[in-house]
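What's in model-v1.pdb: PDB, C-alpha atoms and all ligand atoms
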```
ATOM      1  CA  MET A  30       0.000   0.000   0.000
ATOM      2  CA  ASN A  31       1.355   3.384  -0.932
ATOM      3  CA  ALA A  32       1.949   5.902   1.835
ATOM      4  CA  PRO A  33      -0.439   8.878   1.838
ATOM      5  CA  SER A  34       1.192  11.844   0.118
ATOM      6  CA  LEU A  35       0.560  15.422  -0.917
ATOM      7  CA  SER A  36       2.299  18.098  -2.965
ATOM      8  CA  ILE A  37       3.596  21.189  -1.183
ATOM      9  CA  GLY A  38       5.590  23.632  -3.281
ATOM     10  CA  ASP A  39       8.388  21.703  -4.977
ATOM     11  CA  PHE A  40       7.995  18.719  -2.664
ATOM     12  CA  GLU A  41       5.980  15.544  -2.651
ATOM     13  CA  VAL A  42       5.504  14.743   1.037
ATOM     14  CA  HIS A  43       4.891  11.089   1.990
ATOM     15  CA  ILE A  44       3.729  10.066   5.461
ATOM     16  CA  LEU A  45       5.573   6.901   6.550
ATOM     17  CA  LYS A  46       3.949   5.080   9.443
ATOM     18  CA  ASP A  47       6.505   3.354  11.635
ATOM     19  CA  GLY A  48       4.133   1.832  14.202
ATOM     20  CA  ILE A  49       1.725   2.510  17.039
ATOM     21  CA  TYR A  50       2.756   3.889  20.418
ATOM     22  CA  ARG A  51       0.635   2.732  23.377
ATOM     23  CA  ALA A  52       0.866   4.216  26.852
ATOM     24  CA  PRO A  53      -1.175   4.169  30.042
ATOM     25  CA  ILE A  54      -3.382   7.141  30.774
ATOM     26  CA  GLY A  55      -1.200   7.749  33.853
ATOM     27  CA  ASP A  56       1.365   9.302  31.495
ATOM     28  CA  VAL A  57      -0.995  12.243  30.887
ATOM     29  CA  ILE A  58      -0.357  15.346  33.010
ATOM     30  CA  HIS A  59      -2.077  18.743  33.357
ATOM     31  CA  ALA A  60      -0.542  22.164  33.987
ATOM     32  CA  ARG A  61      -3.280  23.071  36.515
ATOM     33  CA  GLY A  62      -2.887  19.943  38.626
ATOM     34  CA  GLU A  63      -4.638  16.724  39.470
ATOM     35  CA  GLU A  64      -8.245  17.943  39.485
ATOM     36  CA  ALA A  65      -7.955  19.523  36.044
ATOM     37  CA  ARG A  66      -6.180  16.390  34.833
ATOM     38  CA  ARG A  67      -8.965  14.136  36.071
ATOM     39  CA  SER A  68     -11.757  16.188  34.575
ATOM     40  CA  ALA A  69      -9.977  16.380  31.182
ATOM     41  CA  LEU A  70      -9.474  12.597  31.204
ATOM     42  CA  ASP A  71     -13.051  11.896  32.355
ATOM     43  CA  ALA A  72     -14.363  13.988  29.473
ATOM     44  CA  TRP A  73     -12.078  12.103  27.106
ATOM     45  CA  GLY A  74     -13.123   8.726  28.538
ATOM     46  CA  ARG A  75     -10.413   6.314  27.358
ATOM     47  CA  PRO A  76      -8.305   3.926  29.515
ATOM     48  CA  GLU A  77      -5.104   4.145  27.456
ATOM     49  CA  PHE A  78      -3.861   5.900  24.409
ATOM     50  CA  ALA A  79      -2.571   4.503  21.159
ATOM     51  CA  VAL A  80      -1.111   6.924  18.613
ATOM     52  CA  ASP A  81       0.681   6.682  15.292
ATOM     53  CA  VAL A  82       4.438   6.967  15.112
ATOM     54  CA  ASN A  83       5.121   8.709  11.809
ATOM     55  CA  CYS A  84       8.034   9.962   9.843
ATOM     56  CA  PHE A  85       8.015  11.826   6.556
ATOM     57  CA  ALA A  86       9.753  11.527   3.194
ATOM     58  CA  LEU A  87      10.204  14.747   1.182
ATOM     59  CA  ASP A  88      10.898  14.153  -2.476
ATOM     60  CA  GLY A  89      12.127  17.458  -3.878
ATOM     61  CA  PRO A  90      14.415  19.106  -6.424
ATOM     62  CA  HIS A  91      17.498  18.602  -4.232
ATOM     63  CA  GLY A  92      17.028  14.939  -3.444
ATOM     64  CA  LEU A  93      15.149  12.723  -1.034
ATOM     65  CA  TRP A  94      14.977  13.898   2.571
ATOM     66  CA  LEU A  95      13.442  12.339   5.671
ATOM     67  CA  ILE A  96      11.967  14.053   8.699
ATOM     68  CA  ASP A  97      12.469  11.590  11.584
ATOM     69  CA  THR A  98      13.040   7.873  11.155
ATOM     70  CA  GLY A  99      10.752   5.982  13.570
ATOM     71  CA  ALA A 100      12.008   3.615  16.275
ATOM     72  CA  GLY A 101      13.771   1.069  14.065
ATOM     73  CA  THR A 102      14.076  -2.366  15.642
ATOM     74  CA  ALA A 103      14.997  -1.026  19.078
ATOM     75  CA  TRP A 104      11.439  -0.903  20.481
ATOM     76  CA  GLY A 105      10.213  -4.324  19.341
ATOM     77  CA  PRO A 106       7.859  -5.581  16.655
ATOM     78  CA  ALA A 107       5.195  -2.845  17.071
ATOM     79  CA  TYR A 108       7.648  -0.459  15.365
ATOM     80  CA  GLY A 109      10.180  -0.390  12.569
ATOM     81  CA  LYS A 110       7.830  -0.280   9.591
ATOM     82  CA  ALA A 111       9.083   3.026   8.148
ATOM     83  CA  PRO A 112      11.740   1.463   5.857
ATOM     84  CA  ALA A 113       9.083  -0.750   4.237
ATOM     85  CA  ALA A 114       6.784   2.275   3.869
ATOM     86  CA  LEU A 115       9.651   4.152   2.189
ATOM     87  CA  ARG A 116      10.143   1.249  -0.242
ATOM     88  CA  ASP A 117       6.398   1.129  -0.923
ATOM     89  CA  ALA A 118       6.545   4.823  -1.816
ATOM     90  CA  GLY A 119       9.157   3.906  -4.452
ATOM     91  CA  PHE A 120      12.425   4.860  -2.750
ATOM     92  CA  SER A 121      15.482   3.072  -1.372
ATOM     93  CA  ALA A 122      17.359   3.866   1.859
ATOM     94  CA  GLY A 123      20.470   4.644  -0.196
ATOM     95  CA  GLU A 124      18.655   7.478  -1.980
ATOM     96  CA  VAL A 125      18.088   9.444   1.250
ATOM     97  CA  SER A 126      20.535  12.358   1.194
ATOM     98  CA  ILE A 127      19.423  14.201   4.331
ATOM     99  CA  VAL A 128      17.660  13.172   7.550
ATOM    100  CA  LEU A 129      16.223  15.964   9.705
ATOM    101  CA  LEU A 130      15.226  15.162  13.288
ATOM    102  CA  THR A 131      12.486  17.013  15.161
ATOM    103  CA  HIS A 132      14.191  15.821  18.368
ATOM    104  CA  ILE A 133      16.338  13.036  19.674
ATOM    105  CA  HIS A 134      13.764  10.695  21.296
ATOM    106  CA  GLY A 135      13.915   7.003  20.395
ATOM    107  CA  ASP A 136      10.725   6.836  18.323
ATOM    108  CA  HIS A 137      12.196   9.543  16.058
ATOM    109  CA  ALA A 138      15.928   8.776  15.986
ATOM    110  CA  LEU A 139      16.541   5.058  16.583
ATOM    111  CA  GLY A 140      15.347   4.246  13.065
ATOM    112  CA  LEU A 141      18.661   5.741  11.912
ATOM    113  CA  PHE A 142      20.367   2.516  12.954
ATOM    114  CA  GLU A 143      20.359  -1.012  11.717
ATOM    115  CA  GLY A 144      22.152  -2.677  14.632
ATOM    116  CA  ASP A 145      25.413  -0.758  14.798
ATOM    117  CA  LYS A 146      25.262   0.403  11.192
ATOM    118  CA  ALA A 147      23.745   3.424   9.453
ATOM    119  CA  ARG A 148      20.379   2.558   7.906
ATOM    120  CA  TYR A 149      20.753   5.598   5.620
ATOM    121  CA  PRO A 150      24.373   5.200   4.519
ATOM    122  CA  ASN A 151      24.479   8.252   2.223
ATOM    123  CA  ALA A 152      22.601  10.687   4.468
ATOM    124  CA  ARG A 153      23.724  13.751   6.363
ATOM    125  CA  LEU A 154      21.911  14.195   9.686
ATOM    126  CA  LEU A 155      20.534  17.554  10.716
ATOM    127  CA  VAL A 156      19.759  17.599  14.443
ATOM    128  CA  PRO A 157      18.425  20.482  16.587
ATOM    129  CA  GLN A 158      21.343  22.322  18.176
ATOM    130  CA  GLY A 159      19.494  22.417  21.523
ATOM    131  CA  ASP A 160      19.255  18.612  21.674
ATOM    132  CA  LEU A 161      22.827  17.986  20.528
ATOM    133  CA  ALA A 162      24.149  20.418  23.137
ATOM    134  CA  TYR A 163      22.010  19.160  26.032
ATOM    135  CA  TYR A 164      22.205  15.421  25.402
ATOM    136  CA  GLY A 165      25.869  15.656  24.454
ATOM    137  CA  ASP A 166      26.865  17.375  27.713
ATOM    138  CA  ARG A 167      28.890  15.230  30.091
ATOM    139  CA  ALA A 168      28.046  17.235  33.219
ATOM    140  CA  ILE A 169      24.299  17.077  32.517
ATOM    141  CA  LEU A 170      24.591  13.341  31.858
ATOM    142  CA  ASP A 171      26.304  12.797  35.215
ATOM    143  CA  ALA A 172      23.502  14.681  36.981
ATOM    144  CA  THR A 173      20.759  12.683  35.211
ATOM    145  CA  PRO A 174      19.316   9.517  36.834
ATOM    146  CA  PRO A 175      20.260   6.314  34.938
ATOM    147  CA  GLU A 176      16.668   5.610  33.823
ATOM    148  CA  LYS A 177      16.538   8.993  32.035
ATOM    149  CA  ARG A 178      19.728   8.652  30.040
ATOM    150  CA  SER A 179      18.484   7.082  26.817
ATOM    151  CA  SER A 180      18.659  10.316  24.767
ATOM    152  CA  PHE A 181      22.265  10.813  25.887
ATOM    153  CA  ARG A 182      23.063   7.327  24.576
ATOM    154  CA  THR A 183      21.300   8.144  21.306
ATOM    155  CA  VAL A 184      23.433  11.268  20.724
ATOM    156  CA  ALA A 185      26.607   9.287  21.463
ATOM    157  CA  LYS A 186      25.552   6.590  18.991
ATOM    158  CA  LEU A 187      24.649   9.165  16.305
ATOM    159  CA  ARG A 188      28.155  10.543  16.520
ATOM    160  CA  GLU A 189      29.693   7.065  16.548
ATOM    161  CA  VAL A 190      27.748   5.743  13.542
ATOM    162  CA  TYR A 191      27.274   8.895  11.417
ATOM    163  CA  GLY A 192      30.474  10.699  12.522
ATOM    164  CA  GLU A 193      31.191  13.887  10.588
ATOM    165  CA  ARG A 194      27.819  13.702   8.896
ATOM    166  CA  VAL A 195      26.019  14.838  12.085
ATOM    167  CA  GLU A 196      25.301  18.569  11.881
ATOM    168  CA  ALA A 197      23.371  20.928  14.131
ATOM    169  CA  PHE A 198      20.670  23.282  12.877
ATOM    170  CA  GLU A 199      19.209  26.384  14.509
ATOM    171  CA  PRO A 200      15.714  27.857  14.130
ATOM    172  CA  GLY A 201      15.245  29.622  10.775
ATOM    173  CA  PRO A 202      15.961  28.580   7.186
ATOM    174  CA  VAL A 203      17.704  25.175   7.115
ATOM    175  CA  LEU A 204      17.443  23.845   3.570
ATOM    176  CA  TYR A 205      15.880  24.852   0.274
ATOM    177  CA  GLY A 206      12.158  25.432   0.926
ATOM    178  CA  LEU A 207      12.343  24.336   4.567
ATOM    179  CA  SER A 208      12.679  26.288   7.820
ATOM    180  CA  ALA A 209      12.890  25.100  11.412
ATOM    181  CA  ILE A 210      10.624  26.484  14.130
ATOM    182  CA  ASP A 211      11.790  26.346  17.726
ATOM    183  CA  LEU A 212       9.184  24.455  19.823
ATOM    184  CA  PRO A 213      11.133  23.669  23.006
ATOM    185  CA  GLY A 214       9.857  21.868  26.095
ATOM    186  CA  HIS A 215       9.260  18.306  24.918
ATOM    187  CA  THR A 216      13.074  18.308  24.610
ATOM    188  CA  PRO A 217      15.377  21.372  24.819
ATOM    189  CA  GLY A 218      15.773  21.609  21.045
ATOM    190  CA  HIS A 219      12.433  20.160  19.926
ATOM    191  CA  SER A 220      11.590  21.653  16.506
ATOM    192  CA  GLY A 221       8.951  21.749  13.830
ATOM    193  CA  PHE A 222       9.585  22.162  10.110
ATOM    194  CA  LEU A 223       7.771  24.564   7.842
ATOM    195  CA  ILE A 224       7.603  23.611   4.174
ATOM    196  CA  ARG A 225       6.466  26.606   2.175
ATOM    197  CA  GLY A 226       4.510  26.275  -1.011
ATOM    198  CA  ASP A 227       1.933  28.326  -2.841
ATOM    199  CA  PRO A 228      -0.877  28.376  -1.866
ATOM    200  CA  GLU A 229      -0.310  25.812   0.889
ATOM    201  CA  THR A 230       2.293  25.736   3.659
ATOM    202  CA  LEU A 231       2.770  22.599   5.749
ATOM    203  CA  LEU A 232       3.990  22.548   9.347
ATOM    204  CA  VAL A 233       5.396  19.186  10.460
ATOM    205  CA  TRP A 234       5.221  19.771  14.207
ATOM    206  CA  GLY A 235       6.988  16.771  15.777
ATOM    207  CA  ASP A 236       5.666  16.042  19.296
ATOM    208  CA  VAL A 237       3.752  19.267  19.942
ATOM    209  CA  VAL A 238       0.641  17.108  20.376
ATOM    210  CA  HIS A 239       0.422  13.408  21.286
ATOM    211  CA  LEU A 240      -3.333  13.142  21.875
ATOM    212  CA  ASP A 241      -4.969  15.283  19.274
ATOM    213  CA  THR A 242      -8.575  15.726  20.400
ATOM    214  CA  LEU A 243      -7.626  16.082  24.075
ATOM    215  CA  GLN A 244      -4.666  18.468  23.701
ATOM    216  CA  LEU A 245      -6.216  20.656  21.019
ATOM    217  CA  ALA A 246      -9.295  21.248  23.132
ATOM    218  CA  ASP A 247      -7.110  21.874  26.194
ATOM    219  CA  PRO A 248      -3.446  22.675  25.388
ATOM    220  CA  ALA A 249      -2.640  22.565  29.139
ATOM    221  CA  VAL A 250      -2.826  18.764  28.890
ATOM    222  CA  GLY A 251       0.712  17.413  28.662
ATOM    223  CA  PHE A 252       2.575  14.164  28.676
ATOM    224  CA  ASN A 253       5.136  13.021  31.221
ATOM    225  CA  TYR A 254       7.794  12.712  28.520
ATOM    226  CA  ASP A 255       7.674  16.498  28.101
ATOM    227  CA  GLN A 256      11.017  17.385  29.657
ATOM    228  CA  ASP A 257       9.821  20.872  30.691
ATOM    229  CA  PRO A 258       6.001  20.664  30.784
ATOM    230  CA  GLY A 259       5.392  24.428  31.176
ATOM    231  CA  LEU A 260       7.613  25.271  28.229
ATOM    232  CA  ALA A 261       6.114  22.416  26.174
ATOM    233  CA  MET A 262       2.640  23.845  26.841
ATOM    234  CA  ARG A 263       3.689  27.312  25.649
ATOM    235  CA  SER A 264       5.193  25.785  22.503
ATOM    236  CA  ARG A 265       1.979  23.795  21.945
ATOM    237  CA  ARG A 266      -0.117  26.967  22.171
ATOM    238  CA  HIS A 267       2.286  28.844  19.931
ATOM    239  CA  ALA A 268       2.184  26.108  17.260
ATOM    240  CA  LEU A 269      -1.620  25.842  17.416
ATOM    241  CA  GLU A 270      -2.100  29.632  17.301
ATOM    242  CA  SER A 271       0.300  29.950  14.373
ATOM    243  CA  ALA A 272      -1.313  27.089  12.448
ATOM    244  CA  ALA A 273      -4.814  28.494  13.005
ATOM    245  CA  GLY A 274      -3.793  32.106  12.314
ATOM    246  CA  GLU A 275      -1.777  31.348   9.183
ATOM    247  CA  ASN A 276      -4.129  28.650   7.863
ATOM    248  CA  TRP A 277      -1.234  26.190   7.605
ATOM    249  CA  LEU A 278      -1.709  22.518   6.962
ATOM    250  CA  ILE A 279      -0.222  20.488   9.783
ATOM    251  CA  ALA A 280       1.160  16.982  10.160
ATOM    252  CA  GLY A 281       2.721  15.436  13.244
ATOM    253  CA  SER A 282       4.753  12.510  14.406
ATOM    254  CA  HIS A 283       1.838  11.272  16.514
ATOM    255  CA  ILE A 284      -1.291  12.380  14.700
ATOM    256  CA  THR A 285      -2.999  10.640  11.822
ATOM    257  CA  GLY A 286      -3.285  12.430   8.482
ATOM    258  CA  ILE A 287      -2.964  16.080   7.477
ATOM    259  CA  HIS A 288      -5.180  18.714   9.029
ATOM    260  CA  ARG A 289      -5.991  22.351   9.436
ATOM    261  CA  VAL A 290      -6.371  23.860  12.900
ATOM    262  CA  GLU A 291      -9.092  26.279  13.966
ATOM    263  CA  ARG A 292      -9.937  27.999  17.217
ATOM    264  CA  ARG A 293     -12.863  26.402  19.014
ATOM    265  CA  GLY A 294     -14.125  27.577  22.408
ATOM    266  CA  GLU A 295     -11.206  28.077  24.797
ATOM    267  CA  GLY A 296      -8.959  25.854  22.709
ATOM    268  CA  PHE A 297      -8.548  24.499  19.215
ATOM    269  CA  ALA A 298      -9.811  21.696  16.983
ATOM    270  CA  PHE A 299      -9.020  20.189  13.619
ATOM    271  CA  SER A 300     -11.217  21.633  10.885
ATOM    272  CA  GLU A 301     -13.797  19.114   9.696
ATOM    273  CA  GLU A 302     -12.813  19.032   6.035
ATOM    274  CA  SER A 303      -9.078  18.943   6.655
ATOM    275  CA  ASN A 304      -8.164  15.266   6.874
ATOM    276  CA  ALA A 305      -6.084  14.481   3.790
TER     277      ALA A 305
HETATM  278 ZN    ZN B   1       7.570  11.012  19.862
END
```
If you convert what's in this file into structure tokens, what do you get?
Amino acid sequence: MNAPSLSIGDFEVHILKDGIYRAPIGDVIHARGEEARRSALDAWGRPEFAVDVNCFALDGPHGLWLIDTGAGTAWGPAYGKAPAALRDAGFSAGEVSIVLLTHIHGDHALGLFEGDKARYPNARLLVPQGDLAYYGDRAILDATPPEKRSSFRTVAKLREVYGERVEAFEPGPVLYGLSAIDLPGHTPGHSGFLIRGDPETLLVWGDVVHLDTLQLADPAVGFNYDQDPGLAMRSRRHALESAAGENWLIAGSHITGIHRVERRGEGFAFSEESNA
């Protein structure tokens, strides 16, 4: 089955589904505390959540690029389907010339590896400067409890396997037709990518939202993998306000399909007609 795709500017954008992420509802948090958390969850009414893990292939005039890579084989058989989705879309791993990461978490970065080898042997890696600096810092690593060190290991392995091909990017223009937007909080350097076309612009927003209906309606709902929940909430609001105000199309690592965002009540919602 071919991956869903759409044309934006000079790019054909393909959504590659890597797997499904399941987590207990206990991983949901709320900026205004336990009572607000409980009432948001009661209204939502589900015992667990299960969301897509997506990455994106951008076929453009300067080659084949990926945004994120899925979890690879590191997280078990529920993941690791992105390479097959890439093949189904008509491409080989060797054709990928650039991989951009929204952030360094495992379900976005571990797909870069096939065991101890590079899955994308001809690719340069563009990684948010904020994540490379934070998760590459020895002093911060030493102060971090062992169970929270996986992103530090990922940065070390990126450098080991991809060597000189690992590069940092900052917010602003990064590549032809593509700019990075700083959306910190989920990780220090967490970023979205804006692909500008005419008339449509697409924001690929990474992990701004994990639970679409819940977090659009109430952006104060967070997720305990947000490293700085307050900052992640401000970035979520900023991304939602920008998408609604600018009438951007949006896609995300953990939402299904392509949407438009509109203001609704105190929060936001996906526009009815927007699912591509
Ligand atoms: Zn994620």
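Selecting all polymer residues at most 8 Å from ligand ZN 1 (chain B), using all atoms listed in the file, gives Val82, His134, Gly135, Asp136, His137, Gly235, Asp236, His239, Ser282 and His283 of chain A.
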Kindly provide the residues of stretch 193-290 of chain A that approach stretch 96-119 of chain A to within 12 Å, each paired with its closest atom pair and their distance in Å to one decimal, based on all atoms listed in the file, listed by chain and increasing number, as a tab-separated table.
```
residue	atom	partner	partner_atom	distance
A:Leu207	CA	A:Ile96	CA	11.1
A:Ala209	CA	A:Ile96	CA	11.4
A:His219	CA	A:Asp97	CA	12.0
A:Ser220	CA	A:Ile96	CA	10.9
A:Gly221	CA	A:Ile96	CA	9.7
A:Phe222	CA	A:Ile96	CA	8.6
A:Leu223	CA	A:Ile96	CA	11.3
A:Ile224	CA	A:Ile96	CA	11.4
A:Leu232	CA	A:Ile96	CA	11.7
A:Val233	CA	A:Ile96	CA	8.5
A:Trp234	CA	A:Ile96	CA	10.4
A:Gly235	CA	A:Asp97	CA	8.6
A:Asp236	CA	A:Asp97	CA	11.2
A:Ala280	CA	A:Ile96	CA	11.3
A:Gly281	CA	A:Ile96	CA	10.4
A:Ser282	CA	A:Asp97	CA	8.3
A:His283	CA	A:Gly99	CA	10.8
```
Write the residues you've just listed into a file as a PDB file, in the coordinates of the input, and include C-alpha atoms for each of them.
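And here's part_31.pdb as it stands now:
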```pdb
ATOM      1  CA  LEU A 207      12.343  24.336   4.567  1.00  0.00           C
ATOM      2  CA  ALA A 209      12.890  25.100  11.412  1.00  0.00           C
ATOM      3  CA  HIS A 219      12.433  20.160  19.926  1.00  0.00           C
ATOM      4  CA  SER A 220      11.590  21.653  16.506  1.00  0.00           C
ATOM      5  CA  GLY A 221       8.951  21.749  13.830  1.00  0.00           C
ATOM      6  CA  PHE A 222       9.585  22.162  10.110  1.00  0.00           C
ATOM      7  CA  LEU A 223       7.771  24.564   7.842  1.00  0.00           C
ATOM      8  CA  ILE A 224       7.603  23.611   4.174  1.00  0.00           C
ATOM      9  CA  LEU A 232       3.990  22.548   9.347  1.00  0.00           C
ATOM     10  CA  VAL A 233       5.396  19.186  10.460  1.00  0.00           C
ATOM     11  CA  TRP A 234       5.221  19.771  14.207  1.00  0.00           C
ATOM     12  CA  GLY A 235       6.988  16.771  15.777  1.00  0.00           C
ATOM     13  CA  ASP A 236       5.666  16.042  19.296  1.00  0.00           C
ATOM     14  CA  ALA A 280       1.160  16.982  10.160  1.00  0.00           C
ATOM     15  CA  GLY A 281       2.721  15.436  13.244  1.00  0.00           C
ATOM     16  CA  SER A 282       4.753  12.510  14.406  1.00  0.00           C
ATOM     17  CA  HIS A 283       1.838  11.272  16.514  1.00  0.00           C
TER      18      HIS A 283
END
```
Å distance separating atom CA of A:Tyr205 from atom CA of A:Gln158, one decimal place | 18.9 Å
Measure the distance from atom CA of A:Ile44 to atom CA of A:Phe78 in Å and round it to one decimal.
-> 20.8 Å
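Computed from the coordinates, the atom CA of A:Asp257 to atom CA of A:Gly294 distance equals 26.2 Å.
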For A:His215, list every protein, DNA or RNA residue within 6 Å, evaluated using all atoms listed in the file, and leave out those in the same chain fewer than 5 positions away; present the list as a short mmCIF file (atom, residue, chain, number, x, y, z; two decimals) with C-alpha atoms, in the coordinates of the input.
```
data_model
loop_
_atom_site.label_atom_id
_atom_site.label_comp_id
_atom_site.auth_asym_id
_atom_site.auth_seq_id
_atom_site.Cartn_x
_atom_site.Cartn_y
_atom_site.Cartn_z
CA ASP A 255 7.67 16.50 28.10
CA GLN A 256 11.02 17.39 29.66
CA ALA A 261 6.11 22.42 26.17
#
```
The residue from A:Cys84, A:Ala172, A:Ile210, A:Val128 with the smallest atom-to-atom distance to A:Gly48, counting all atoms listed in the file, is A:Cys84
Please put the answer as JSON: centre and edge lengths, in Å with one decimal, of a box along x, y and z that encloses all listed atoms of stretch 200-210 of chain A plus 6 Å on each side.
```
{"center_x": 14.2, "center_y": 26.7, "center_z": 7.2, "size_x": 19.1, "size_y": 17.8, "size_z": 25.9}
```
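Evaluated on this file, the PyMOL selection byres (((chain A and resi 91) around 10) and not hetatm) matches A:Asp39, A:Phe40, A:Leu87, A:Asp88, A:Gly89, A:Pro90, A:Gly92, A:Leu93, A:Trp94, A:Ser126, A:Ile127, A:Leu204, A:Tyr205.
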Extract, using all atoms listed in the file, all DNA, RNA and protein residues at most 10 Å from A:Ala162, discarding same-chain residues fewer than 6 positions from it, and format them as an MDAnalysis selection string.
-> chainID A and resid 169 184 197 217:218
Using all atoms listed in the file, which of the listed residues (A:Ala60, A:Leu95, A:Ile49, A:Ala69) sits closest to A:Leu260?
->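 Ranking A:Ala60, A:Leu95, A:Ile49, A:Ala69 by distance to A:Leu260, first place goes to A:Ala60.
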Rank nothing, just name the residue among A:Asp241, A:Asp145, A:Glu301, A:Glu176 nearest to A:Val190, using only C-alpha atoms.
->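 Checking each of A:Asp241, A:Asp145, A:Glu301, A:Glu176 against A:Val190, counting only C-alpha atoms, the winner is A:Asp145.
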I would like the residues chosen by the PyMOL selection byres (((chain A and resi 251) around 8) and not hetatm) on the shown file; could you give them as a list in words?
-> Val57, Ile58, His59, Ala60, Gln244, Pro248, Ala249, Val250, Phe252, Asn253, Asp255, Pro258, Ala261 and Met262 of chain A
Could you name the residues that touch A:Ile54 at 9 Å or less, counting all atoms listed in the file, but leaving out those on the same chain fewer than 4 positions away, as a list of chain:residue names?
->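 Contacts, with the query itself left out: A:Leu70, A:Arg75, A:Pro76, A:Glu77, A:Phe78.
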Expanded to explicit residues, what is the PyMOL selection byres (((chain A and resi 147) around 12) and not hetatm) for this file, as an MDAnalysis selection string?
-> chainID A and resid 98 101 122:123 125 128 138:146 148:154 186:192 194:195
Test item: residues at most 9 Å from A:Val290, only C-alpha atoms, excluding those fewer than 3 positions along its chain, as a ChimeraX atom specification | /A:245,269-270,272-274,276-279,297-300,303
Nearest to A:Gly214: which of A:Pro33, A:Pro157, A:Gly55, A:Gly259 is it, counting all atoms listed in the file?
->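 Residue with the minimum atom-to-atom distance to A:Gly214: A:Gly259.
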How would stretch 176-193 of chain A look with N, CA and C atoms restored, written as a CSV table (one decimal), keeping the file's coordinate frame?
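Below is the file that was written, part-v2.csv:
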```
chain,number,residue,atom,x,y,z
A,176,GLU,N,17.8,6.0,34.6
A,176,GLU,CA,16.7,5.6,33.8
A,176,GLU,C,16.3,6.7,32.8
A,177,LYS,N,16.9,7.9,32.9
A,177,LYS,CA,16.5,9.0,32.0
A,177,LYS,C,17.7,9.3,31.1
A,178,ARG,N,18.5,8.4,30.8
A,178,ARG,CA,19.7,8.7,30.0
A,178,ARG,C,19.7,8.2,28.6
A,179,SER,N,18.5,7.7,28.2
A,179,SER,CA,18.5,7.1,26.8
A,179,SER,C,18.8,8.1,25.7
A,180,SER,N,18.4,9.3,25.8
A,180,SER,CA,18.7,10.3,24.8
A,180,SER,C,20.1,10.7,24.7
A,181,PHE,N,20.8,10.6,25.9
A,181,PHE,CA,22.3,10.8,25.9
A,181,PHE,C,23.0,9.7,25.1
A,182,ARG,N,22.5,8.5,25.3
A,182,ARG,CA,23.1,7.3,24.6
A,182,ARG,C,22.8,7.5,23.1
A,183,THR,N,21.6,8.0,22.7
A,183,THR,CA,21.3,8.1,21.3
A,183,THR,C,22.2,9.1,20.6
A,184,VAL,N,22.5,10.3,21.3
A,184,VAL,CA,23.4,11.3,20.7
A,184,VAL,C,24.8,10.7,20.6
A,185,ALA,N,25.3,9.9,21.6
A,185,ALA,CA,26.6,9.3,21.5
A,185,ALA,C,26.7,8.3,20.3
A,186,LYS,N,25.6,7.6,20.1
A,186,LYS,CA,25.6,6.6,19.0
A,186,LYS,C,25.5,7.3,17.6
A,187,LEU,N,24.7,8.4,17.6
A,187,LEU,CA,24.6,9.2,16.3
A,187,LEU,C,26.0,9.6,15.9
A,188,ARG,N,26.8,10.1,16.8
A,188,ARG,CA,28.2,10.5,16.5
A,188,ARG,C,29.1,9.4,16.1
A,189,GLU,N,28.9,8.2,16.8
A,189,GLU,CA,29.7,7.1,16.5
A,189,GLU,C,29.4,6.5,15.1
A,190,VAL,N,28.1,6.4,14.8
A,190,VAL,CA,27.7,5.7,13.5
A,190,VAL,C,27.8,6.7,12.3
A,191,TYR,N,27.3,7.9,12.5
A,191,TYR,CA,27.3,8.9,11.4
A,191,TYR,C,28.4,9.9,11.4
A,192,GLY,N,29.2,9.9,12.5
A,192,GLY,CA,30.5,10.7,12.5
A,192,GLY,C,30.3,12.1,12.1
A,193,GLU,N,31.1,12.5,11.1
A,193,GLU,CA,31.2,13.9,10.6
A,193,GLU,C,29.9,14.3,9.9
```
